[in-house]
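> Okay, here's the structure, questions in a sec.
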Amino acid sequence: MSRVYTGEWVVSALLEDRAERFGTEIAVASEQGTLTYDDLVDRAARLAGGLAALGVAPGDRVATMLPTGNGYLAAWHACVWLGAIEVPVNVEYRGPFLEHILRDSGASVLVVHARWLKRLATIELPHIRHLVVTGAADDEDEAQAGAELPPGITVHSFDDVLGHDPVSRRASSDLDPTYIMYTSGTTGRSKGVVHNNRSSFHYLMPFVEGLDLQDDDVCYSMFPLFHQMGRSACTTAALWAGNRVELRSGFSASHFWDDIRACGATWAGYFGAVILFLWQNAPSPRDRDHRLTRAFGSHAAAELIVKWEERFGVTLYEVYGSTEIGLGSGLGPGYPRKLGTMGLPCRQVEVAIVDDHDNPLPPGRVGEAVWRPKEPFAIFQGYWNLPQATLDVFRNLWFHSGDAALLDEDGFFVFKDRIKDTIRRRGENISSFEVEIVVRSQPGVAECAAFALAVPGATTDEEVAIAVVPSPDGGPDPEALFRALCLELPRHAVPRYLRFFDELPKTPTQKVEKFRLRNDGVTPDMVDREALGIFPPRE
């Protein structure tokens, strides 16, 4: 009997079906223990009942700021069960980043780990009425942070809310919204990408089909559940296929293969630096002693792929995707691979490469990759509260990705660069705009620009650099500036390099020419944060 789901395209119906068919089997194993399919549904139904008792109704937004694990699964699926709209929050967010998401989404409830309560005391929370707090604080200051919250916010124990009597699954349409995931802003603040039940499933189907998932497969995910890789590509795809998913809170190059062997994983996701770090491990007679057979991801070094596959016996699939369109290329039933590309477009979408005026370009020519669905609601439904931005990005009825790419003569997709002003570091897309907002707020900064910087000898990731024009009455002390940014920015967004300018290079229309900043590379007058011994806190 096939374990693949064949029911209605509603996430809560998927959960219910899995419990009915495979109830006592282990669905998830994490660092907090195992959960059966019955456990998943029971916890979702109980927490949904608790949220409903707090006044959460279908369509209301519930923000989640939680570490990967069983608590996150309960909160996420409680929203699904109740028909509420989840707002996943990156746990690195703080200050303006965090305030913007909570304000813009209009979430009235935030489910949060105690170690991050302190961040809430320094921002405005105009819509939050209830905090559901799980876990223990790391220090006394964080434990007392709830007392500093604005009036009108009630704090509840996660366990108390989870202890509510279970409620029945709300019947939902495949077009009902399921979550709003905020993606890095480029010309403005981060935008909330709205997905419904149907687009949620379209996101995972290329993985189910392209990886040819079988009944005895086991998924390994080292990605947070507030990212699409952990949420859709791994966890929900595994549930659809009836696979067990092994959730991990992060990646360890030294323990990776031992963990893969112990849990029996057969498929996994990766980001480019993972492939490099595993390659740099000393060769071992046990390099092929595991069940892992295939993995998907992006930005693996092209010159490593064949050698890496031969050494470890794992096929790597380079794929292209985004929060908005889901998986665009690289996986599908029977799709051939072509090294140096990100594969053929997935069957549910169509791609074109266009010039600045949206004219199609011939094979081999670099332009902007634009996408549109070939099936109803195969991609996102728009940006939350931003109708004009939604119209703009769908200019001429194509979704404009902002990515430079080409299609080769065989129709394979080749990613070249990001047209949008985004920096990628440690697997995260960073909005330079939002970094600049925080830098400009610091004493002594008259003007600034954040940009990506390639560092010789580094991994495939970029470093974040900032160019600063000092104020006329005196510029910032580099050490003090870096320490302030460590407190106000997500860890992955804290700049490593600082360079002072009398004035920034600009176009005649006064736009900063960041390509000139990037092209200079690491210059002798740059201040290196790490050389100063300054590192952002891990929590």
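Ordered as shown in the structure tokens, chains take letters A, B, and onward, while each chain numbers its residues from 1 and ligands are numbered from 1 in the order shown.
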Pick out each residue of range 100-260 of chain A that DSSP on the backbone tags as strand (DSSP E or B); I need them as an mmCIF file with N, CA and C atoms, in the first residue's frame.


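So selection-v9.cif came out as:
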```cif
data_model
loop_
_atom_site.group_PDB
_atom_site.id
_atom_site.type_symbol
_atom_site.label_atom_id
_atom_site.label_comp_id
_atom_site.auth_asym_id
_atom_site.auth_seq_id
_atom_site.Cartn_x
_atom_site.Cartn_y
_atom_site.Cartn_z
ATOM 1 N N VAL A 109 -1.248 37.186 18.672
ATOM 2 C CA VAL A 109 -0.628 36.206 19.577
ATOM 3 C C VAL A 109 0.774 35.911 19.077
ATOM 4 N N LEU A 110 1.720 35.836 19.999
ATOM 5 C CA LEU A 110 3.079 35.424 19.676
ATOM 6 C C LEU A 110 3.434 34.234 20.551
ATOM 7 N N VAL A 111 3.766 33.121 19.913
ATOM 8 C CA VAL A 111 4.260 31.943 20.619
ATOM 9 C C VAL A 111 5.779 32.024 20.573
ATOM 10 N N VAL A 112 6.430 32.144 21.733
ATOM 11 C CA VAL A 112 7.841 32.513 21.761
ATOM 12 C C VAL A 112 8.577 31.735 22.844
ATOM 13 N N HIS A 113 9.851 31.465 22.606
ATOM 14 C CA HIS A 113 10.688 30.841 23.622
ATOM 15 C C HIS A 113 11.128 31.897 24.623
ATOM 16 N N HIS A 130 -1.463 38.552 23.445
ATOM 17 C CA HIS A 130 -1.131 37.367 24.237
ATOM 18 C C HIS A 130 0.250 36.854 23.841
ATOM 19 N N LEU A 131 1.043 36.501 24.851
ATOM 20 C CA LEU A 131 2.297 35.792 24.645
ATOM 21 C C LEU A 131 2.140 34.387 25.207
ATOM 22 N N VAL A 132 2.461 33.392 24.390
ATOM 23 C CA VAL A 132 2.475 32.007 24.838
ATOM 24 C C VAL A 132 3.942 31.608 24.913
ATOM 25 N N VAL A 133 4.445 31.401 26.122
ATOM 26 C CA VAL A 133 5.883 31.281 26.350
ATOM 27 C C VAL A 133 6.250 29.841 26.680
ATOM 28 N N THR A 134 7.250 29.344 25.965
ATOM 29 C CA THR A 134 7.740 27.994 26.210
ATOM 30 C C THR A 134 9.205 28.047 26.596
ATOM 31 N N THR A 154 -0.999 39.730 27.918
ATOM 32 C CA THR A 154 -1.102 38.663 28.907
ATOM 33 C C THR A 154 -0.143 37.537 28.549
ATOM 34 N N VAL A 155 0.595 37.057 29.532
ATOM 35 C CA VAL A 155 1.572 35.992 29.323
ATOM 36 C C VAL A 155 0.974 34.664 29.776
ATOM 37 N N HIS A 156 1.100 33.637 28.924
ATOM 38 C CA HIS A 156 0.570 32.304 29.221
ATOM 39 C C HIS A 156 1.686 31.274 29.083
ATOM 40 N N SER A 157 1.617 30.240 29.853
ATOM 41 C CA SER A 157 2.537 29.116 29.712
ATOM 42 C C SER A 157 2.128 28.280 28.503
ATOM 43 N N PRO A 177 -5.641 30.961 3.199
ATOM 44 C CA PRO A 177 -4.237 31.233 3.528
ATOM 45 C C PRO A 177 -3.767 30.370 4.699
ATOM 46 N N THR A 178 -2.511 29.948 4.653
ATOM 47 C CA THR A 178 -1.946 29.121 5.708
ATOM 48 C C THR A 178 -0.818 29.820 6.470
ATOM 49 N N TYR A 179 0.006 30.577 5.775
ATOM 50 C CA TYR A 179 1.090 31.267 6.476
ATOM 51 C C TYR A 179 1.542 32.488 5.674
ATOM 52 N N ILE A 180 2.189 33.400 6.409
ATOM 53 C CA ILE A 180 2.820 34.581 5.819
ATOM 54 C C ILE A 180 4.287 34.526 6.203
ATOM 55 N N MET A 181 5.151 34.324 5.220
ATOM 56 C CA MET A 181 6.582 34.223 5.493
ATOM 57 C C MET A 181 7.276 35.475 4.976
ATOM 58 N N TYR A 182 7.937 36.180 5.862
ATOM 59 C CA TYR A 182 8.588 37.436 5.486
ATOM 60 C C TYR A 182 9.937 37.157 4.834
ATOM 61 N N THR A 183 10.106 37.772 3.670
ATOM 62 C CA THR A 183 11.324 37.579 2.902
ATOM 63 C C THR A 183 12.108 38.879 2.895
ATOM 64 N N LYS A 191 8.924 41.922 3.079
ATOM 65 C CA LYS A 191 7.529 41.770 2.645
ATOM 66 C C LYS A 191 7.011 40.397 3.058
ATOM 67 N N GLY A 192 5.740 40.364 3.440
ATOM 68 C CA GLY A 192 5.116 39.120 3.854
ATOM 69 C C GLY A 192 4.564 38.358 2.661
ATOM 70 N N VAL A 193 5.137 37.194 2.387
ATOM 71 C CA VAL A 193 4.721 36.353 1.255
ATOM 72 C C VAL A 193 3.581 35.456 1.720
ATOM 73 N N VAL A 194 2.426 35.579 1.063
ATOM 74 C CA VAL A 194 1.225 34.856 1.479
ATOM 75 C C VAL A 194 1.092 33.564 0.680
ATOM 76 N N HIS A 195 0.968 32.445 1.398
ATOM 77 C CA HIS A 195 0.719 31.150 0.765
ATOM 78 C C HIS A 195 -0.579 30.566 1.297
ATOM 79 N N ASN A 196 -1.285 29.853 0.420
ATOM 80 C CA ASN A 196 -2.492 29.145 0.845
ATOM 81 C C ASN A 196 -2.226 27.647 0.863
ATOM 82 N N VAL A 218 13.682 8.109 4.687
ATOM 83 C CA VAL A 218 13.761 8.911 5.905
ATOM 84 C C VAL A 218 14.413 10.241 5.556
ATOM 85 N N CYS A 219 13.765 11.331 5.943
ATOM 86 C CA CYS A 219 14.274 12.677 5.652
ATOM 87 C C CYS A 219 15.157 13.182 6.786
ATOM 88 N N TYR A 220 16.223 13.904 6.444
ATOM 89 C CA TYR A 220 17.100 14.543 7.417
ATOM 90 C C TYR A 220 17.094 16.037 7.153
ATOM 91 N N SER A 221 16.659 16.822 8.138
ATOM 92 C CA SER A 221 16.575 18.272 7.962
ATOM 93 C C SER A 221 17.338 18.985 9.062
ATOM 94 N N ARG A 244 9.444 9.333 7.722
ATOM 95 C CA ARG A 244 9.837 9.945 8.990
ATOM 96 C C ARG A 244 10.794 11.084 8.703
ATOM 97 N N VAL A 245 10.687 12.173 9.463
ATOM 98 C CA VAL A 245 11.619 13.285 9.318
ATOM 99 C C VAL A 245 12.437 13.425 10.588
ATOM 100 N N GLU A 246 13.747 13.508 10.418
ATOM 101 C CA GLU A 246 14.685 13.706 11.517
ATOM 102 C C GLU A 246 15.066 15.180 11.538
ATOM 103 N N LEU A 247 14.589 15.903 12.560
ATOM 104 C CA LEU A 247 14.835 17.334 12.675
ATOM 105 C C LEU A 247 16.063 17.598 13.535
#
```

> Excluding same-chain residues fewer than 5 positions from Leu316 in chain A, what lies within 12 Å of it counting only C-alpha atoms, as number ranges by chain?

A: 211, 267-272, 274-275, 292-302, 304-310, 330-331, 337-343

> Pick out the closest residue to His227 in chain A from this set: A:Tyr497, A:Ala114, A:Asn90, A:Val469. Count only C-alpha atoms.

A:Asn90

> Just want the 9 Å neighbourhood of Leu239 in chain A, counted on only C-alpha atoms, with same-chain residues fewer than 5 positions away dropped. Output as a ChimeraX atom specification.

/A:4-5,14-15,18,27,234,244-245

> Tell me, as a tab-separated table (two decimals) with N, CA and C atoms, in the first residue's frame, which residues lie within 12 Å of Ala449 in chain A, counting only C-alpha atoms; anything in the same chain fewer than 4 positions away does not count.


```tsv
chain	number	residue	atom	x	y	z
A	421	ASP	N	19.23	43.99	-4.44
A	421	ASP	CA	20.32	44.35	-3.54
A	421	ASP	C	20.25	43.53	-2.27
A	431	SER	N	18.66	41.70	3.88
A	431	SER	CA	18.26	42.95	3.25
A	431	SER	C	19.27	44.03	3.61
A	432	SER	N	19.97	44.56	2.60
A	432	SER	CA	20.91	45.65	2.87
A	432	SER	C	20.16	46.88	3.35
A	433	PHE	N	18.94	47.06	2.86
A	433	PHE	CA	18.12	48.20	3.27
A	433	PHE	C	17.90	48.19	4.78
A	434	GLU	N	17.56	47.03	5.33
A	434	GLU	CA	17.27	46.96	6.76
A	434	GLU	C	18.54	47.06	7.60
A	435	VAL	N	19.66	46.55	7.08
A	435	VAL	CA	20.93	46.75	7.77
A	435	VAL	C	21.26	48.24	7.82
A	436	GLU	N	21.03	48.93	6.71
A	436	GLU	CA	21.35	50.36	6.63
A	436	GLU	C	20.50	51.18	7.59
A	437	ILE	N	19.24	50.79	7.79
A	437	ILE	CA	18.38	51.50	8.74
A	437	ILE	C	19.01	51.50	10.13
A	438	VAL	N	19.51	50.34	10.54
A	438	VAL	CA	20.09	50.21	11.87
A	438	VAL	C	21.42	50.96	11.95
A	439	VAL	N	22.25	50.85	10.91
A	439	VAL	CA	23.55	51.54	10.93
A	439	VAL	C	23.35	53.05	10.99
A	440	ARG	N	22.41	53.56	10.20
A	440	ARG	CA	22.18	55.01	10.17
A	440	ARG	C	21.69	55.55	11.50
A	445	VAL	N	27.02	58.55	12.36
A	445	VAL	CA	26.84	58.06	11.00
A	445	VAL	C	25.96	59.04	10.23
A	464	VAL	N	29.23	40.60	4.94
A	464	VAL	CA	28.52	41.87	4.92
A	464	VAL	C	29.52	42.97	5.24
A	465	ALA	N	29.53	44.01	4.41
A	465	ALA	CA	30.39	45.16	4.64
A	465	ALA	C	29.54	46.42	4.66
A	466	ILE	N	30.01	47.43	5.37
A	466	ILE	CA	29.30	48.71	5.38
A	466	ILE	C	30.28	49.83	5.05
A	467	ALA	N	29.82	50.71	4.20
A	467	ALA	CA	30.55	51.95	3.91
A	467	ALA	C	29.86	53.06	4.67
A	468	VAL	N	30.64	53.85	5.42
A	468	VAL	CA	30.06	54.87	6.30
A	468	VAL	C	30.69	56.23	6.01
A	469	VAL	N	29.82	57.23	5.86
A	469	VAL	CA	30.25	58.62	5.81
A	469	VAL	C	30.04	59.21	7.20
A	495	PRO	N	27.52	43.25	10.13
A	495	PRO	CA	28.64	43.43	9.19
A	495	PRO	C	29.97	42.99	9.80
A	497	TYR	N	32.94	43.94	7.96
A	497	TYR	CA	33.90	44.95	7.53
A	497	TYR	C	33.28	46.34	7.54
A	498	LEU	N	34.10	47.33	7.88
A	498	LEU	CA	33.70	48.74	7.92
A	498	LEU	C	34.74	49.55	7.16
A	499	ARG	N	34.24	50.42	6.29
A	499	ARG	CA	35.15	51.31	5.56
A	499	ARG	C	34.57	52.72	5.58
A	500	PHE	N	35.41	53.70	5.90
A	500	PHE	CA	34.95	55.08	5.95
A	500	PHE	C	35.20	55.78	4.61
A	501	PHE	N	34.25	56.64	4.24
A	501	PHE	CA	34.34	57.43	3.01
A	501	PHE	C	34.01	58.89	3.32
A	503	GLU	N	32.64	60.60	0.89
A	503	GLU	CA	31.34	60.56	0.22
A	503	GLU	C	31.22	59.23	-0.52
A	504	LEU	N	29.99	58.72	-0.64
A	504	LEU	CA	29.77	57.44	-1.30
A	504	LEU	C	29.70	57.64	-2.81
A	505	PRO	N	30.21	56.68	-3.59
A	505	PRO	CA	30.08	56.79	-5.06
A	505	PRO	C	28.62	56.66	-5.47
A	506	LYS	N	28.15	57.60	-6.29
A	506	LYS	CA	26.73	57.63	-6.65
A	506	LYS	C	26.54	57.90	-8.13
A	511	LYS	N	21.84	57.38	-6.64
A	511	LYS	CA	21.82	56.01	-6.14
A	511	LYS	C	23.26	55.55	-5.90
A	512	VAL	N	23.47	54.90	-4.78
A	512	VAL	CA	24.82	54.45	-4.44
A	512	VAL	C	25.25	53.35	-5.41
A	513	GLU	N	26.45	53.52	-5.95
A	513	GLU	CA	26.98	52.53	-6.89
A	513	GLU	C	27.69	51.43	-6.10
A	514	LYS	N	26.90	50.49	-5.62
A	514	LYS	CA	27.46	49.46	-4.75
A	514	LYS	C	28.41	48.53	-5.48
A	515	PHE	N	28.27	48.44	-6.78
A	515	PHE	CA	29.19	47.59	-7.53
A	515	PHE	C	30.62	48.11	-7.40
A	516	ARG	N	30.76	49.42	-7.27
A	516	ARG	CA	32.09	49.99	-7.10
A	516	ARG	C	32.65	49.65	-5.73
A	517	LEU	N	31.78	49.65	-4.74
A	517	LEU	CA	32.22	49.25	-3.40
A	517	LEU	C	32.64	47.79	-3.38
A	518	ARG	N	31.83	46.93	-4.05
A	518	ARG	CA	32.15	45.50	-4.09
A	518	ARG	C	33.44	45.24	-4.86
```

> Quick one: residues within 10 Å of range 71-73 of chain A, only C-alpha atoms, excluding same-chain residues fewer than 2 positions away - as a PyMOL selection string?

chain A and resi 28+32+35+40+43-44+64-69+75-78+88+111-113+134-135+158-159+162+224-226+231+235

> Can you work out which one of A:Pro373, A:Gly533, A:Gly49, A:Gly242 has the shortest atom-to-atom distance to Thr36 in chain A, counting only C-alpha atoms?

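Of A:Pro373, A:Gly533, A:Gly49, A:Gly242, the one nearest Thr36 in chain A is A:Gly242, counting only C-alpha atoms.
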
> Mind checking which residues fall within 6 Å of range 489-491 of chain A, counting only C-alpha atoms, ignoring those fewer than 6 positions away in the same chain, and posting them as a ChimeraX atom specification?

/A:92-93,536

> Quick one: pull the distance between CA of Arg529 in chain A and CA of Arg496 in chain A, Å, one decimal.

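Straight-line distance from CA of Arg529 in chain A to CA of Arg496 in chain A works out to 5.1 Å.
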
> Going by DSSP on the backbone, which residues of range 267-411 of chain A come out as alpha helix (DSSP H)? List them as a list in words.

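Selecting the alpha helix (DSSP H) positions of range 267-411 of chain A gives Gly272, Ala273, Val274, Ile275, Leu276, Phe277, Leu278, Trp279, Gln280, Ala302, Glu303, Leu304, Ile305, Val306, Lys307, Trp308, Glu309, Glu310, Arg311, Phe312, Pro387, Gln388, Ala389, Thr390, Leu391, Asp392 and Val393 of chain A.
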
> Let me make sure I understand: among A:Ala241, A:Asp212, A:Phe207, A:Ile325, which one has the smallest atom-to-atom distance to Thr6 in chain A if we use only C-alpha atoms?

A:Ala241

> Please compute the CA of Asp403 in chain A-CA of Ser199 in chain A distance, one decimal, in Å.

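CA of Ser199 in chain A lies 21.4 Å from CA of Asp403 in chain A.
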
> With distances taken over only C-alpha atoms, which residue among A:Leu386, A:Val351, A:Ala493, A:Ile430 lies nearest Ala405 in chain A?

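Nearest candidate to Ala405 in chain A out of A:Leu386, A:Val351, A:Ala493, A:Ile430: A:Val351.
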